[in-house]
file run_20.cif (mmCIF, C-alpha atoms and all ligand atoms)
data_run
loop_
_atom_site.label_atom_id
_atom_site.label_comp_id
_atom_site.auth_asym_id
_atom_site.auth_seq_id
_atom_site.Cartn_x
_atom_site.Cartn_y
_atom_site.Cartn_z
CA MET A 1 -56.79 -8.55 -165.33
CA SER A 2 -59.45 -9.14 -162.69
CA ALA A 3 -58.95 -11.66 -159.88
CA ALA A 4 -61.67 -13.83 -161.38
CA GLN A 5 -59.97 -13.87 -164.78
CA SER A 6 -56.59 -14.82 -163.37
CA GLU A 7 -58.18 -17.63 -161.36
CA VAL A 8 -59.74 -18.93 -164.54
CA GLN A 9 -56.45 -18.85 -166.38
CA LEU A 10 -54.60 -20.60 -163.59
CA ALA A 11 -57.22 -23.33 -163.63
CA SER A 12 -57.05 -23.86 -167.36
CA SER A 13 -55.11 -27.16 -167.48
CA VAL A 14 -57.30 -28.80 -164.82
CA PRO A 15 -60.82 -29.28 -166.17
CA VAL A 16 -63.35 -27.15 -164.30
CA GLN A 17 -65.72 -29.36 -162.34
CA LEU A 18 -68.77 -28.44 -160.29
CA LEU A 19 -70.19 -31.90 -159.86
CA GLY A 20 -67.88 -34.69 -158.72
CA VAL A 21 -68.04 -38.16 -160.26
CA ASP A 22 -69.89 -39.26 -157.10
CA GLY A 23 -72.61 -36.68 -157.77
CA ALA A 24 -71.55 -34.32 -154.97
CA LEU A 25 -71.11 -30.59 -155.54
CA VAL A 26 -67.55 -29.27 -155.78
CA GLY A 27 -67.15 -25.57 -155.04
CA HIS A 28 -65.32 -23.35 -157.52
CA PRO A 29 -64.23 -19.76 -156.85
CA VAL A 30 -65.29 -18.49 -160.27
CA PHE A 31 -67.90 -20.79 -161.71
CA SER A 32 -70.16 -21.90 -158.83
CA ARG A 33 -72.07 -18.64 -158.96
CA TYR A 34 -73.35 -19.35 -162.47
CA VAL A 35 -75.40 -22.31 -161.26
CA ALA A 36 -76.16 -21.23 -157.69
CA ASP A 37 -79.43 -19.51 -158.57
CA LEU A 38 -80.73 -21.79 -161.30
CA SER A 39 -84.38 -22.65 -160.75
CA ASP A 40 -85.54 -26.24 -160.33
CA GLU A 41 -87.30 -25.87 -163.66
CA VAL A 42 -84.03 -25.06 -165.45
CA LEU A 43 -82.14 -27.80 -163.60
CA LEU A 44 -84.79 -30.38 -164.48
CA GLY A 45 -84.76 -29.13 -168.07
CA LEU A 46 -81.07 -30.01 -168.35
CA TYR A 47 -81.84 -33.54 -167.14
CA ARG A 48 -84.78 -33.89 -169.52
CA HIS A 49 -82.75 -32.84 -172.55
CA MET A 50 -79.96 -35.28 -171.76
CA VAL A 51 -82.33 -38.22 -171.28
CA VAL A 52 -84.32 -37.49 -174.44
CA GLU A 53 -81.10 -37.19 -176.49
CA ARG A 54 -79.86 -40.54 -175.20
CA ARG A 55 -83.11 -42.30 -176.11
CA PHE A 56 -83.10 -40.63 -179.52
CA ASP A 57 -79.59 -41.91 -180.09
CA VAL A 58 -80.56 -45.50 -179.25
CA GLU A 59 -83.52 -45.33 -181.62
CA ALA A 60 -81.44 -43.86 -184.44
CA THR A 61 -78.80 -46.57 -183.99
CA SER A 62 -81.51 -49.26 -184.15
CA LEU A 63 -83.02 -47.71 -187.27
CA GLN A 64 -79.61 -47.85 -188.92
CA ARG A 65 -79.14 -51.47 -187.92
CA GLN A 66 -82.52 -52.29 -189.43
CA GLY A 67 -81.49 -50.79 -192.75
CA GLU A 68 -83.51 -47.58 -192.53
CA LEU A 69 -80.47 -45.30 -192.52
CA ALA A 70 -77.14 -45.67 -194.26
CA LEU A 71 -75.26 -44.30 -191.27
CA TRP A 72 -75.75 -42.95 -187.78
CA VAL A 73 -73.33 -40.90 -185.68
CA PRO A 74 -73.97 -41.59 -181.99
CA ALA A 75 -73.47 -38.85 -179.42
CA SER A 76 -73.98 -40.95 -176.30
CA GLY A 77 -71.64 -39.84 -173.51
CA GLN A 78 -71.46 -36.26 -174.77
CA GLU A 79 -74.92 -35.16 -173.57
CA ALA A 80 -73.72 -32.99 -170.69
CA ALA A 81 -71.15 -31.06 -172.74
CA GLN A 82 -73.73 -30.35 -175.42
CA VAL A 83 -76.78 -29.62 -173.28
CA GLY A 84 -74.87 -27.54 -170.71
CA THR A 85 -73.28 -25.40 -173.40
CA ILE A 86 -76.35 -24.77 -175.54
CA ALA A 87 -78.46 -24.00 -172.47
CA ALA A 88 -76.00 -21.27 -171.51
CA LEU A 89 -76.44 -19.47 -174.83
CA GLU A 90 -79.23 -17.26 -176.14
CA SER A 91 -81.51 -18.55 -178.89
CA THR A 92 -80.18 -15.72 -181.10
CA ASP A 93 -76.60 -17.01 -180.84
CA ARG A 94 -75.64 -18.79 -184.05
CA VAL A 95 -74.38 -22.37 -183.83
CA PHE A 96 -72.06 -23.95 -186.39
CA PRO A 97 -72.19 -27.67 -185.57
CA THR A 98 -70.14 -30.66 -186.66
CA TYR A 99 -72.19 -33.81 -187.36
CA ARG A 100 -72.59 -35.03 -183.76
CA GLU A 101 -74.44 -32.17 -182.07
CA HIS A 102 -77.81 -33.91 -181.83
CA ALA A 103 -78.51 -32.77 -178.26
CA MET A 104 -77.84 -29.18 -179.26
CA ALA A 105 -80.03 -29.45 -182.34
CA LEU A 106 -82.92 -30.95 -180.37
CA TYR A 107 -82.50 -28.28 -177.70
CA ARG A 108 -82.88 -25.60 -180.35
CA GLY A 109 -86.17 -27.13 -181.50
CA ILE A 110 -84.97 -29.01 -184.56
CA SER A 111 -87.11 -32.14 -184.54
CA ALA A 112 -85.84 -35.70 -184.40
CA GLU A 113 -87.49 -36.21 -187.82
CA GLN A 114 -85.64 -33.27 -189.32
CA LEU A 115 -82.33 -34.62 -188.06
CA MET A 116 -83.20 -38.05 -189.35
CA ALA A 117 -84.24 -36.81 -192.77
CA THR A 118 -80.66 -35.63 -193.26
CA PHE A 119 -79.17 -38.98 -192.34
CA ARG A 120 -81.72 -40.84 -194.46
CA ALA A 121 -80.90 -38.49 -197.34
CA ALA A 122 -84.62 -37.74 -197.64
CA LYS A 123 -83.85 -34.03 -197.64
CA HIS A 124 -80.95 -32.05 -198.99
CA THR A 125 -80.35 -30.61 -195.57
CA GLY A 126 -83.22 -31.08 -193.16
CA TRP A 127 -83.93 -27.73 -191.49
CA ASP A 128 -83.90 -23.99 -191.98
CA PRO A 129 -80.73 -22.68 -190.29
CA GLY A 130 -82.22 -19.18 -190.08
CA LYS A 131 -85.22 -20.39 -188.11
CA PHE A 132 -83.18 -22.19 -185.45
CA ASN A 133 -79.96 -20.15 -185.60
CA PHE A 134 -78.36 -23.53 -186.10
CA ASN A 135 -76.44 -24.28 -189.26
CA TRP A 136 -76.50 -27.52 -191.20
CA TYR A 137 -74.31 -30.36 -190.11
CA SER A 138 -70.85 -30.22 -191.60
CA ILE A 139 -69.20 -33.47 -192.60
CA VAL A 140 -66.11 -31.77 -194.01
CA LEU A 141 -64.10 -31.57 -190.80
CA ALA A 142 -63.52 -28.05 -189.46
CA SER A 143 -64.98 -26.28 -192.49
CA GLN A 144 -67.59 -24.85 -190.12
CA ALA A 145 -64.84 -23.10 -188.14
CA LEU A 146 -64.31 -20.86 -191.16
CA HIS A 147 -68.04 -20.35 -191.61
CA ALA A 148 -68.32 -19.34 -187.95
CA ALA A 149 -65.51 -16.80 -188.20
CA GLY A 150 -67.02 -15.43 -191.41
CA TRP A 151 -70.44 -15.14 -189.81
CA ALA A 152 -68.95 -13.37 -186.78
CA MET A 153 -67.05 -11.02 -189.07
CA GLY A 154 -70.33 -10.17 -190.77
CA ILE A 155 -72.03 -9.47 -187.43
CA LYS A 156 -69.19 -7.23 -186.35
CA GLN A 157 -69.25 -5.37 -189.65
CA ASP A 158 -73.03 -4.93 -189.51
CA VAL A 159 -72.84 -3.59 -185.97
CA SER A 160 -70.21 -1.04 -186.98
CA THR A 161 -72.21 0.13 -189.99
CA GLY A 162 -75.53 0.05 -188.14
CA ALA A 163 -76.94 -2.43 -190.64
CA LEU A 164 -77.67 -5.41 -188.40
CA GLY A 165 -79.91 -7.93 -190.18
CA GLU A 166 -83.37 -8.86 -188.98
CA GLY A 167 -83.33 -11.17 -185.97
CA ARG A 168 -79.64 -10.53 -185.23
CA THR A 169 -78.39 -8.96 -182.02
CA ALA A 170 -75.36 -6.72 -181.52
CA ASP A 171 -74.02 -8.94 -178.75
CA GLU A 172 -74.41 -12.23 -180.59
CA VAL A 173 -72.05 -15.07 -179.72
CA VAL A 174 -71.11 -17.44 -182.53
CA LEU A 175 -70.51 -21.01 -181.43
CA ALA A 176 -67.97 -22.94 -183.51
CA CYS A 177 -68.22 -26.63 -182.63
CA LEU A 178 -65.20 -28.86 -183.20
CA GLY A 179 -64.02 -32.35 -182.40
CA ASP A 180 -60.55 -33.00 -180.99
CA GLY A 181 -59.40 -34.47 -184.29
CA ALA A 182 -60.75 -31.57 -186.29
CA THR A 183 -58.37 -29.22 -184.47
CA SER A 184 -55.57 -30.70 -186.62
CA GLN A 185 -57.17 -29.20 -189.72
CA GLY A 186 -55.69 -26.03 -191.23
CA ASP A 187 -59.15 -24.47 -191.34
CA VAL A 188 -59.13 -24.20 -187.55
CA HIS A 189 -55.85 -22.32 -187.62
CA GLU A 190 -57.14 -19.87 -190.21
CA SER A 191 -60.38 -19.40 -188.35
CA MET A 192 -58.59 -18.69 -185.07
CA VAL A 193 -56.14 -16.29 -186.68
CA PHE A 194 -58.97 -14.27 -188.18
CA ALA A 195 -61.09 -14.42 -185.05
CA SER A 196 -58.18 -13.13 -183.00
CA SER A 197 -57.03 -10.47 -185.48
CA TYR A 198 -60.53 -9.04 -185.83
CA GLN A 199 -61.53 -9.76 -182.21
CA LEU A 200 -64.55 -11.67 -183.38
CA PRO A 201 -67.32 -12.90 -181.06
CA VAL A 202 -66.59 -16.60 -181.56
CA LEU A 203 -66.72 -19.25 -178.86
CA TYR A 204 -64.72 -22.27 -180.04
CA PHE A 205 -66.27 -25.30 -178.43
CA ILE A 206 -64.12 -28.41 -178.71
CA GLN A 207 -65.66 -31.68 -177.60
CA ASN A 208 -62.57 -33.65 -176.79
CA ASN A 209 -64.06 -37.16 -176.82
CA HIS A 210 -60.54 -38.63 -176.93
CA TRP A 211 -60.81 -40.19 -180.37
CA ALA A 212 -60.83 -39.11 -184.00
CA ILE A 213 -62.24 -42.38 -185.33
CA SER A 214 -59.34 -44.71 -184.39
CA VAL A 215 -56.71 -42.01 -183.78
CA PRO A 216 -56.25 -41.19 -180.09
CA LEU A 217 -56.02 -37.64 -178.85
CA LYS A 218 -52.40 -38.09 -177.73
CA THR A 219 -51.38 -38.48 -181.37
CA GLN A 220 -53.22 -35.30 -182.38
CA SER A 221 -51.87 -33.09 -179.61
CA ARG A 222 -49.05 -33.26 -177.08
CA ALA A 223 -50.66 -30.47 -175.04
CA PRO A 224 -54.21 -29.85 -173.82
CA LEU A 225 -56.21 -28.44 -176.73
CA ALA A 226 -57.32 -25.49 -174.60
CA HIS A 227 -53.70 -24.33 -174.44
CA ARG A 228 -53.69 -23.66 -178.15
CA ALA A 229 -55.84 -20.59 -177.62
CA ALA A 230 -52.94 -18.79 -175.95
CA GLY A 231 -50.93 -19.04 -179.15
CA TYR A 232 -53.62 -17.02 -180.91
CA GLY A 233 -53.87 -14.52 -178.07
CA PHE A 234 -57.13 -15.52 -176.46
CA GLU A 235 -58.26 -17.51 -173.45
CA GLY A 236 -58.94 -21.22 -173.40
CA ILE A 237 -60.46 -23.27 -170.58
CA ARG A 238 -60.81 -27.00 -170.01
CA VAL A 239 -64.07 -28.16 -168.53
CA ASP A 240 -65.28 -31.57 -167.39
CA GLY A 241 -67.60 -32.23 -170.29
CA ASN A 242 -69.39 -34.99 -168.38
CA ASP A 243 -70.50 -32.42 -165.82
CA VAL A 244 -73.53 -30.56 -167.11
CA LEU A 245 -73.35 -27.86 -164.44
CA ALA A 246 -69.71 -27.07 -165.16
CA SER A 247 -70.36 -27.10 -168.91
CA TYR A 248 -73.20 -24.63 -168.39
CA ALA A 249 -71.22 -22.36 -166.06
CA VAL A 250 -68.11 -22.19 -168.23
CA ALA A 251 -70.09 -21.47 -171.39
CA LYS A 252 -72.10 -18.79 -169.57
CA HIS A 253 -68.91 -17.17 -168.30
CA MET A 254 -67.16 -17.22 -171.66
CA ALA A 255 -70.25 -16.02 -173.54
CA ALA A 256 -70.68 -13.09 -171.13
CA GLN A 257 -67.14 -11.95 -171.80
CA ILE A 258 -67.56 -12.29 -175.54
CA ARG A 259 -70.76 -10.23 -175.39
CA ALA A 260 -68.84 -7.58 -173.49
CA GLY A 261 -66.35 -7.36 -176.38
CA SER A 262 -63.51 -9.67 -175.30
CA GLY A 263 -63.05 -11.25 -178.71
CA PRO A 264 -62.83 -15.03 -179.16
CA LYS A 265 -62.64 -17.66 -176.42
CA LEU A 266 -62.13 -21.41 -176.40
CA VAL A 267 -63.67 -24.16 -174.29
CA GLU A 268 -62.29 -27.68 -174.38
CA ALA A 269 -64.91 -30.05 -172.98
CA VAL A 270 -63.17 -33.21 -171.79
CA THR A 271 -65.62 -36.02 -172.49
CA TYR A 272 -65.86 -39.43 -174.09
CA ARG A 273 -67.65 -41.00 -177.02
CA MET A 274 -69.29 -44.04 -175.44
CA GLY A 275 -70.35 -45.64 -178.70
CA ALA A 276 -68.73 -46.17 -182.06
CA HIS A 277 -67.53 -43.26 -184.18
CA THR A 278 -70.38 -44.10 -186.53
CA THR A 279 -72.39 -47.25 -187.12
CA ALA A 280 -69.74 -48.12 -189.75
CA ASP A 281 -67.03 -48.28 -187.08
CA ASP A 282 -65.97 -51.02 -184.67
CA PRO A 283 -64.25 -49.36 -181.69
CA THR A 284 -63.24 -52.71 -180.14
CA LYS A 285 -60.49 -52.76 -182.78
CA TYR A 286 -58.68 -49.80 -181.26
CA ARG A 287 -59.72 -49.18 -177.65
CA THR A 288 -59.85 -51.33 -174.56
CA ASP A 289 -62.82 -52.41 -172.47
CA GLU A 290 -61.06 -50.96 -169.40
CA GLU A 291 -61.01 -47.52 -170.99
CA VAL A 292 -64.70 -47.67 -171.85
CA GLU A 293 -65.56 -48.97 -168.37
CA SER A 294 -63.63 -46.14 -166.71
CA TRP A 295 -65.72 -43.61 -168.64
CA LYS A 296 -68.96 -45.43 -167.86
CA ARG A 297 -68.27 -44.62 -164.22
CA ARG A 298 -68.22 -40.94 -165.21
CA ASP A 299 -71.56 -41.15 -167.01
CA PRO A 300 -72.94 -37.61 -167.34
CA VAL A 301 -76.61 -38.50 -166.93
CA ALA A 302 -76.22 -40.82 -163.91
CA ARG A 303 -73.98 -38.31 -162.14
CA TYR A 304 -76.39 -35.43 -162.57
CA ARG A 305 -79.41 -37.54 -161.65
CA LYS A 306 -77.71 -38.56 -158.41
CA TRP A 307 -77.21 -34.93 -157.45
CA LEU A 308 -80.74 -33.87 -158.41
CA GLU A 309 -82.19 -36.71 -156.33
CA ALA A 310 -79.99 -35.96 -153.34
CA GLU A 311 -81.13 -32.33 -153.49
CA GLY A 312 -84.77 -33.41 -153.63
CA ILE A 313 -85.20 -31.69 -157.00
CA LEU A 314 -85.88 -34.83 -159.01
CA ASP A 315 -88.54 -37.36 -158.04
CA GLN A 316 -89.71 -40.63 -159.55
CA GLN A 317 -92.72 -38.97 -161.14
CA PHE A 318 -90.52 -36.63 -163.19
CA VAL A 319 -88.16 -39.48 -164.10
CA ASP A 320 -91.13 -41.50 -165.40
CA GLN A 321 -92.53 -38.49 -167.23
CA VAL A 322 -89.25 -37.86 -169.05
CA ASP A 323 -88.83 -41.57 -169.87
CA ALA A 324 -92.34 -41.60 -171.33
CA GLU A 325 -91.61 -38.47 -173.37
CA ALA A 326 -88.39 -40.01 -174.69
CA ALA A 327 -90.16 -43.28 -175.56
CA GLN A 328 -92.86 -41.34 -177.41
CA LEU A 329 -90.26 -39.37 -179.35
CA ALA A 330 -88.60 -42.64 -180.35
CA ALA A 331 -91.91 -44.19 -181.44
CA ASP A 332 -92.90 -41.09 -183.44
CA LEU A 333 -89.48 -41.01 -185.04
CA ARG A 334 -89.78 -44.64 -186.15
CA THR A 335 -93.16 -43.96 -187.76
CA ALA A 336 -91.90 -40.79 -189.42
CA VAL A 337 -88.83 -42.53 -190.85
CA HIS A 338 -90.94 -45.29 -192.38
CA GLU A 339 -93.16 -42.69 -194.00
CA MET A 340 -90.37 -40.52 -195.43
CA GLU A 341 -90.55 -40.18 -199.18
CA PRO A 342 -87.28 -40.75 -201.02
CA VAL A 343 -85.64 -37.57 -202.24
CA ASP A 344 -86.35 -36.51 -205.80
CA LEU A 345 -82.86 -36.93 -207.24
CA GLU A 346 -83.60 -34.70 -210.26
CA ARG A 347 -84.03 -31.79 -207.87
CA VAL A 348 -80.46 -32.26 -206.68
CA PHE A 349 -79.32 -31.23 -210.13
CA ASP A 350 -82.06 -28.71 -210.86
CA THR A 351 -81.32 -26.60 -207.81
CA VAL A 352 -77.54 -26.17 -208.30
CA TYR A 353 -77.86 -23.12 -210.56
CA ALA A 354 -80.75 -20.78 -211.31
CA GLU A 355 -80.24 -21.33 -215.06
CA PRO A 356 -79.63 -24.69 -216.79
CA HIS A 357 -75.92 -25.56 -216.78
CA ARG A 358 -74.28 -27.92 -219.26
CA GLN A 359 -72.02 -29.74 -216.81
CA VAL A 360 -74.90 -30.36 -214.43
CA GLN A 361 -77.08 -31.62 -217.29
CA VAL A 362 -74.37 -34.08 -218.33
CA GLU A 363 -74.16 -35.38 -214.76
CA LYS A 364 -77.94 -35.65 -214.51
CA ALA A 365 -78.06 -37.64 -217.76
CA TRP A 366 -75.30 -39.95 -216.46
CA LEU A 367 -77.29 -40.70 -213.32
CA LYS A 368 -80.45 -41.43 -215.32
CA ASP A 369 -78.51 -43.92 -217.45
CA TYR A 370 -76.98 -45.49 -214.38
CA GLU A 371 -80.35 -45.94 -212.71
CA ALA A 372 -81.84 -47.36 -215.89
CA GLY A 373 -79.16 -50.08 -215.70
CA PHE A 374 -80.79 -51.38 -212.51
CA ALA A 375 -84.19 -51.57 -214.21
CA GLU A 376 -82.77 -54.26 -216.55
CA ASP A 377 -81.90 -56.38 -213.51
CA GLN A 378 -85.52 -56.55 -212.39
CA GLY A 379 -86.83 -60.06 -212.27
CA VAL A 380 -83.33 -61.54 -212.38
CA GLU A 381 -82.67 -63.91 -209.53
CA PHE A 382 -79.27 -63.62 -207.88
C1 LIG A 401 -61.64 -32.79 -194.20
C2 LIG A 401 -62.00 -34.18 -193.73
N1 LIG A 401 -61.03 -35.10 -193.58
C3 LIG A 401 -61.35 -36.33 -193.15
C4 LIG A 401 -62.65 -36.68 -192.89
C5 LIG A 401 -63.01 -38.09 -192.40
N2 LIG A 401 -63.40 -38.03 -190.99
C6 LIG A 401 -64.69 -38.00 -190.62
S1 LIG A 401 -64.88 -37.91 -188.97
C7 LIG A 401 -63.21 -37.96 -188.71
C8 LIG A 401 -62.67 -37.90 -187.28
C9 LIG A 401 -63.06 -36.64 -186.58
O1 LIG A 401 -62.73 -36.72 -185.23
P1 LIG A 401 -63.06 -35.54 -184.24
O2 LIG A 401 -62.79 -34.22 -184.85
O3 LIG A 401 -62.37 -35.84 -182.97
O4 LIG A 401 -64.65 -35.62 -184.06
P2 LIG A 401 -65.53 -36.81 -183.47
O5 LIG A 401 -65.94 -37.64 -184.66
O6 LIG A 401 -64.72 -37.55 -182.49
O7 LIG A 401 -66.73 -36.15 -182.87
C10 LIG A 401 -62.52 -38.05 -189.91
C11 LIG A 401 -61.06 -38.12 -190.04
C12 LIG A 401 -63.64 -35.68 -193.08
N3 LIG A 401 -64.94 -35.90 -192.83
N4 LIG A 401 -63.29 -34.43 -193.49
MG MG A 402 -63.13 -36.83 -181.32
#

call {"tool": "encode", "arguments": {"input": "run_20.cif", "output": "structure tokens", "more": "lines below"}}
Ligand SMILES: Cc1ncc(C[n+]2csc(CCOP(=O)(O)OP(=O)(O)O)c2C)c(N)n1
Ligand SMILES: [Mg+2]
result
Amino acid sequence: MSAAQSEVQLASSVPVQLLGVDGALVGHPVFSRYVADLSDEVLLGLYRHMVVERRFDVEATSLQRQGELALWVPASGQEAAQVGTIAALESTDRVFPTYREHAMALYRGISAEQLMATFRAAKHTGWDPGKFNFNWYSIVLASQALHAAGWAMGIKQDVSTGALGEGRTADEVVLACLGDGATSQGDVHESMVFASSYQLPVLYFIQNNHWAISVPLKTQSRAPLAHRAAGYGFEGIRVDGNDVLASYAVAKHMAAQIRAGSGPKLVEAVTYRMGAHTTADDPTKYRTDEEVESWKRRDPVARYRKWLEAEGILDQQFVDQVDAEAAQLAADLRTAVHEMEPVDLERVFDTVYAEPHRQVQVEKAWLKDYEAGFAEDQGVEF
């Protein structure tokens, strides 16, 4: 084991931090070098992506409140973990998201409208996973951990048989996103067992936002989630997920080792969900104002902005430019949502099988009948 590796392992229960809560740089023997030479353009890009995501989130929440969406899943507070990690990967690395990775999706070029079409149920999915190397959102907790391991197994197999598919690279890293609560699912265990047994190129990325709806992390796990990796025989690291530089550096480090053939790795990003679990949730029922306030002081965007300004990298002109871009994205999104055509429900049934299928036809007929029942109500005053 190299000195650098052992230092990483020793540090694994203390989250890696490069940027203190006060916005001052904290040196780290292993990880500082990953951000030391980043250009101003890259550093400003991280800021821009975080700000745009936050504005997008506010707009989506408002649209839900105004009845335009059935549900929204806010990601506010988790911008640094998501942007830092995705920025450290290559565009050819495949991402298997949960349902909260909006900053990652936007970073990959999936538009706000495409994301919204999914939540408005105006599309069956919303985007082409092949085009963005970014899979569809997965509502079934942890199911994507199995998909990620399966995908990685396919890559490994294709490399060994020399049959790598178009657009794929031999050193691809597969990102399996998980929430803290999702780690209690059996699927994660199976995925990690297979990833370890076959030494698959999977980076497990857990956003520990401290809550699984109303269940606190301490109920889900008596030990840091990163420690679980050791039980499967691979390395896990905790990172301050509200520190975009640390999130970037740790992901870069882990991805480099995976590309070099290390097998799977795990990153636990310690962060916080500032908003509700979804717009259907009321977090005041299960968490205290003091807790929320304490995390507000660790805000990932404010902290990073402070550092960029102190370094003379960020000026008011760029701040205004990004704010204007974010406002424009929000305005365009609002227009696009109002113009979205409702999904053709018949297609939902017609695209299940290539050939007509009796069971599906029965279900389609049931829905038609059900909808016809509403037609009779027309004109009736309630
Ligand atoms: C298999 C399964 N069981 C239960 C649910 C209901 N559910 C949706 S989100 C959630 C909590 C997930 O918490 P976590 O993994 O920490 O992710 P977070 O929402 O905090 O990002 C639960 C229990 C589900 N979607 N899928
Ligand atoms: Mg959670």

call {"tool": "closest_residue", "arguments": {"input": "run_20.cif", "among": "A:Met104, A:Tyr370, A:Phe318, A:Val343", "to": "Gly126 (chain A)", "atoms": "only C-alpha atoms"}}
result
A:Val343

call {"tool": "atom_distance", "arguments": {"input": "run_20.cif", "atom1": "CA of Thr169 (chain A)", "atom2": "CA of Val188 (chain A)"}}
result
25.2 Å

call {"tool": "atom_distance", "arguments": {"input": "run_20.cif", "atom1": "CA of Ala280 (chain A)", "atom2": "CA of Cys177 (chain A)"}}
result
22.7 Å

call {"tool": "residues_around", "arguments": {"input": "run_20.cif", "residues": "Ile313 (chain A)", "least_positions_apart": "4", "cutoff": "12 Å", "atoms": "all atoms listed in the file", "output": "list in words"}}
result
Leu38, Ser39, Asp40, Glu41, Val42, Leu43, Leu44, Gly45, Tyr47, Tyr304, Arg305, Lys306, Trp307, Leu308, Glu309, Gln317, Phe318 and Val319 of chain A

call {"tool": "residues_around", "arguments": {"input": "run_20.cif", "residues": "Ile237 (chain A)", "least_positions_apart": "3", "cutoff": "12 Å", "atoms": "only C-alpha atoms", "output": "PDB file with C-alpha atoms, in the frame of the given file"}}
result
ATOM      1  CA  GLN A   5     -59.970 -13.870-164.780  1.00  0.00           C
ATOM      2  CA  SER A   6     -56.590 -14.820-163.370  1.00  0.00           C
ATOM      3  CA  GLU A   7     -58.180 -17.630-161.360  1.00  0.00           C
ATOM      4  CA  VAL A   8     -59.740 -18.930-164.540  1.00  0.00           C
ATOM      5  CA  GLN A   9     -56.450 -18.850-166.380  1.00  0.00           C
ATOM      6  CA  LEU A  10     -54.600 -20.600-163.590  1.00  0.00           C
ATOM      7  CA  ALA A  11     -57.220 -23.330-163.630  1.00  0.00           C
ATOM      8  CA  SER A  12     -57.050 -23.860-167.360  1.00  0.00           C
ATOM      9  CA  SER A  13     -55.110 -27.160-167.480  1.00  0.00           C
ATOM     10  CA  VAL A  14     -57.300 -28.800-164.820  1.00  0.00           C
ATOM     11  CA  PRO A  15     -60.820 -29.280-166.170  1.00  0.00           C
ATOM     12  CA  VAL A  16     -63.350 -27.150-164.300  1.00  0.00           C
ATOM     13  CA  GLN A  17     -65.720 -29.360-162.340  1.00  0.00           C
ATOM     14  CA  PHE A  31     -67.900 -20.790-161.710  1.00  0.00           C
ATOM     15  CA  LEU A 203     -66.720 -19.250-178.860  1.00  0.00           C
ATOM     16  CA  TYR A 204     -64.720 -22.270-180.040  1.00  0.00           C
ATOM     17  CA  PHE A 205     -66.270 -25.300-178.430  1.00  0.00           C
ATOM     18  CA  ILE A 206     -64.120 -28.410-178.710  1.00  0.00           C
ATOM     19  CA  PRO A 224     -54.210 -29.850-173.820  1.00  0.00           C
ATOM     20  CA  LEU A 225     -56.210 -28.440-176.730  1.00  0.00           C
ATOM     21  CA  ALA A 226     -57.320 -25.490-174.600  1.00  0.00           C
ATOM     22  CA  HIS A 227     -53.700 -24.330-174.440  1.00  0.00           C
ATOM     23  CA  ARG A 228     -53.690 -23.660-178.150  1.00  0.00           C
ATOM     24  CA  ALA A 229     -55.840 -20.590-177.620  1.00  0.00           C
ATOM     25  CA  ALA A 230     -52.940 -18.790-175.950  1.00  0.00           C
ATOM     26  CA  PHE A 234     -57.130 -15.520-176.460  1.00  0.00           C
ATOM     27  CA  ASP A 240     -65.280 -31.570-167.390  1.00  0.00           C
ATOM     28  CA  GLY A 241     -67.600 -32.230-170.290  1.00  0.00           C
ATOM     29  CA  ALA A 246     -69.710 -27.070-165.160  1.00  0.00           C
ATOM     30  CA  SER A 247     -70.360 -27.100-168.910  1.00  0.00           C
ATOM     31  CA  ALA A 249     -71.220 -22.360-166.060  1.00  0.00           C
ATOM     32  CA  VAL A 250     -68.110 -22.190-168.230  1.00  0.00           C
ATOM     33  CA  ALA A 251     -70.090 -21.470-171.390  1.00  0.00           C
ATOM     34  CA  HIS A 253     -68.910 -17.170-168.300  1.00  0.00           C
ATOM     35  CA  MET A 254     -67.160 -17.220-171.660  1.00  0.00           C
ATOM     36  CA  LYS A 265     -62.640 -17.660-176.420  1.00  0.00           C
ATOM     37  CA  LEU A 266     -62.130 -21.410-176.400  1.00  0.00           C
ATOM     38  CA  VAL A 267     -63.670 -24.160-174.290  1.00  0.00           C
ATOM     39  CA  GLU A 268     -62.290 -27.680-174.380  1.00  0.00           C
ATOM     40  CA  ALA A 269     -64.910 -30.050-172.980  1.00  0.00           C
ATOM     41  CA  VAL A 270     -63.170 -33.210-171.790  1.00  0.00           C
TER      42      VAL A 270
END

call {"tool": "residues_near_ligand", "arguments": {"input": "run_20.cif", "ligand": "ligand MG 402 (chain A)", "cutoff": "6 Å", "atoms": "only C-alpha atoms and all ligand atoms", "output": "list in words"}}
result
Gly179, Asp180, Gly181, Asn208, Asn209, His210, Trp211 and Ala212 of chain A

call {"tool": "residues_around", "arguments": {"input": "run_20.cif", "residues": "Gly275 (chain A)", "least_positions_apart": "3", "cutoff": "9 Å", "atoms": "only C-alpha atoms", "output": "ChimeraX atom specification"}}
result
/A:73-77,272,278-279,283

call {"tool": "atom_distance", "arguments": {"input": "run_20.cif", "atom1": "CA of Asp37 (chain A)", "atom2": "CA of Leu18 (chain A)"}}
result
14.0 Å

call {"tool": "closest_residue", "arguments": {"input": "run_20.cif", "among": "A:Leu345, A:Ala256, A:Leu141, A:Ala152", "to": "Phe194 (chain A)", "atoms": "all atoms listed in the file"}}
result
A:Ala152

call {"tool": "residues_around", "arguments": {"input": "run_20.cif", "residues": "Gln64 (chain A)", "least_positions_apart": "2", "cutoff": "12 Å", "atoms": "all atoms listed in the file", "output": "list in words"}}
result
Asp57, Val58, Glu59, Ala60, Thr61, Ser62, Gln66, Gly67, Glu68, Leu69, Ala70, Leu71, Trp72, Val73, Pro74, Met116, Phe119, Arg120, Thr278, Thr279, Ala280, Arg334 and Val337 of chain A
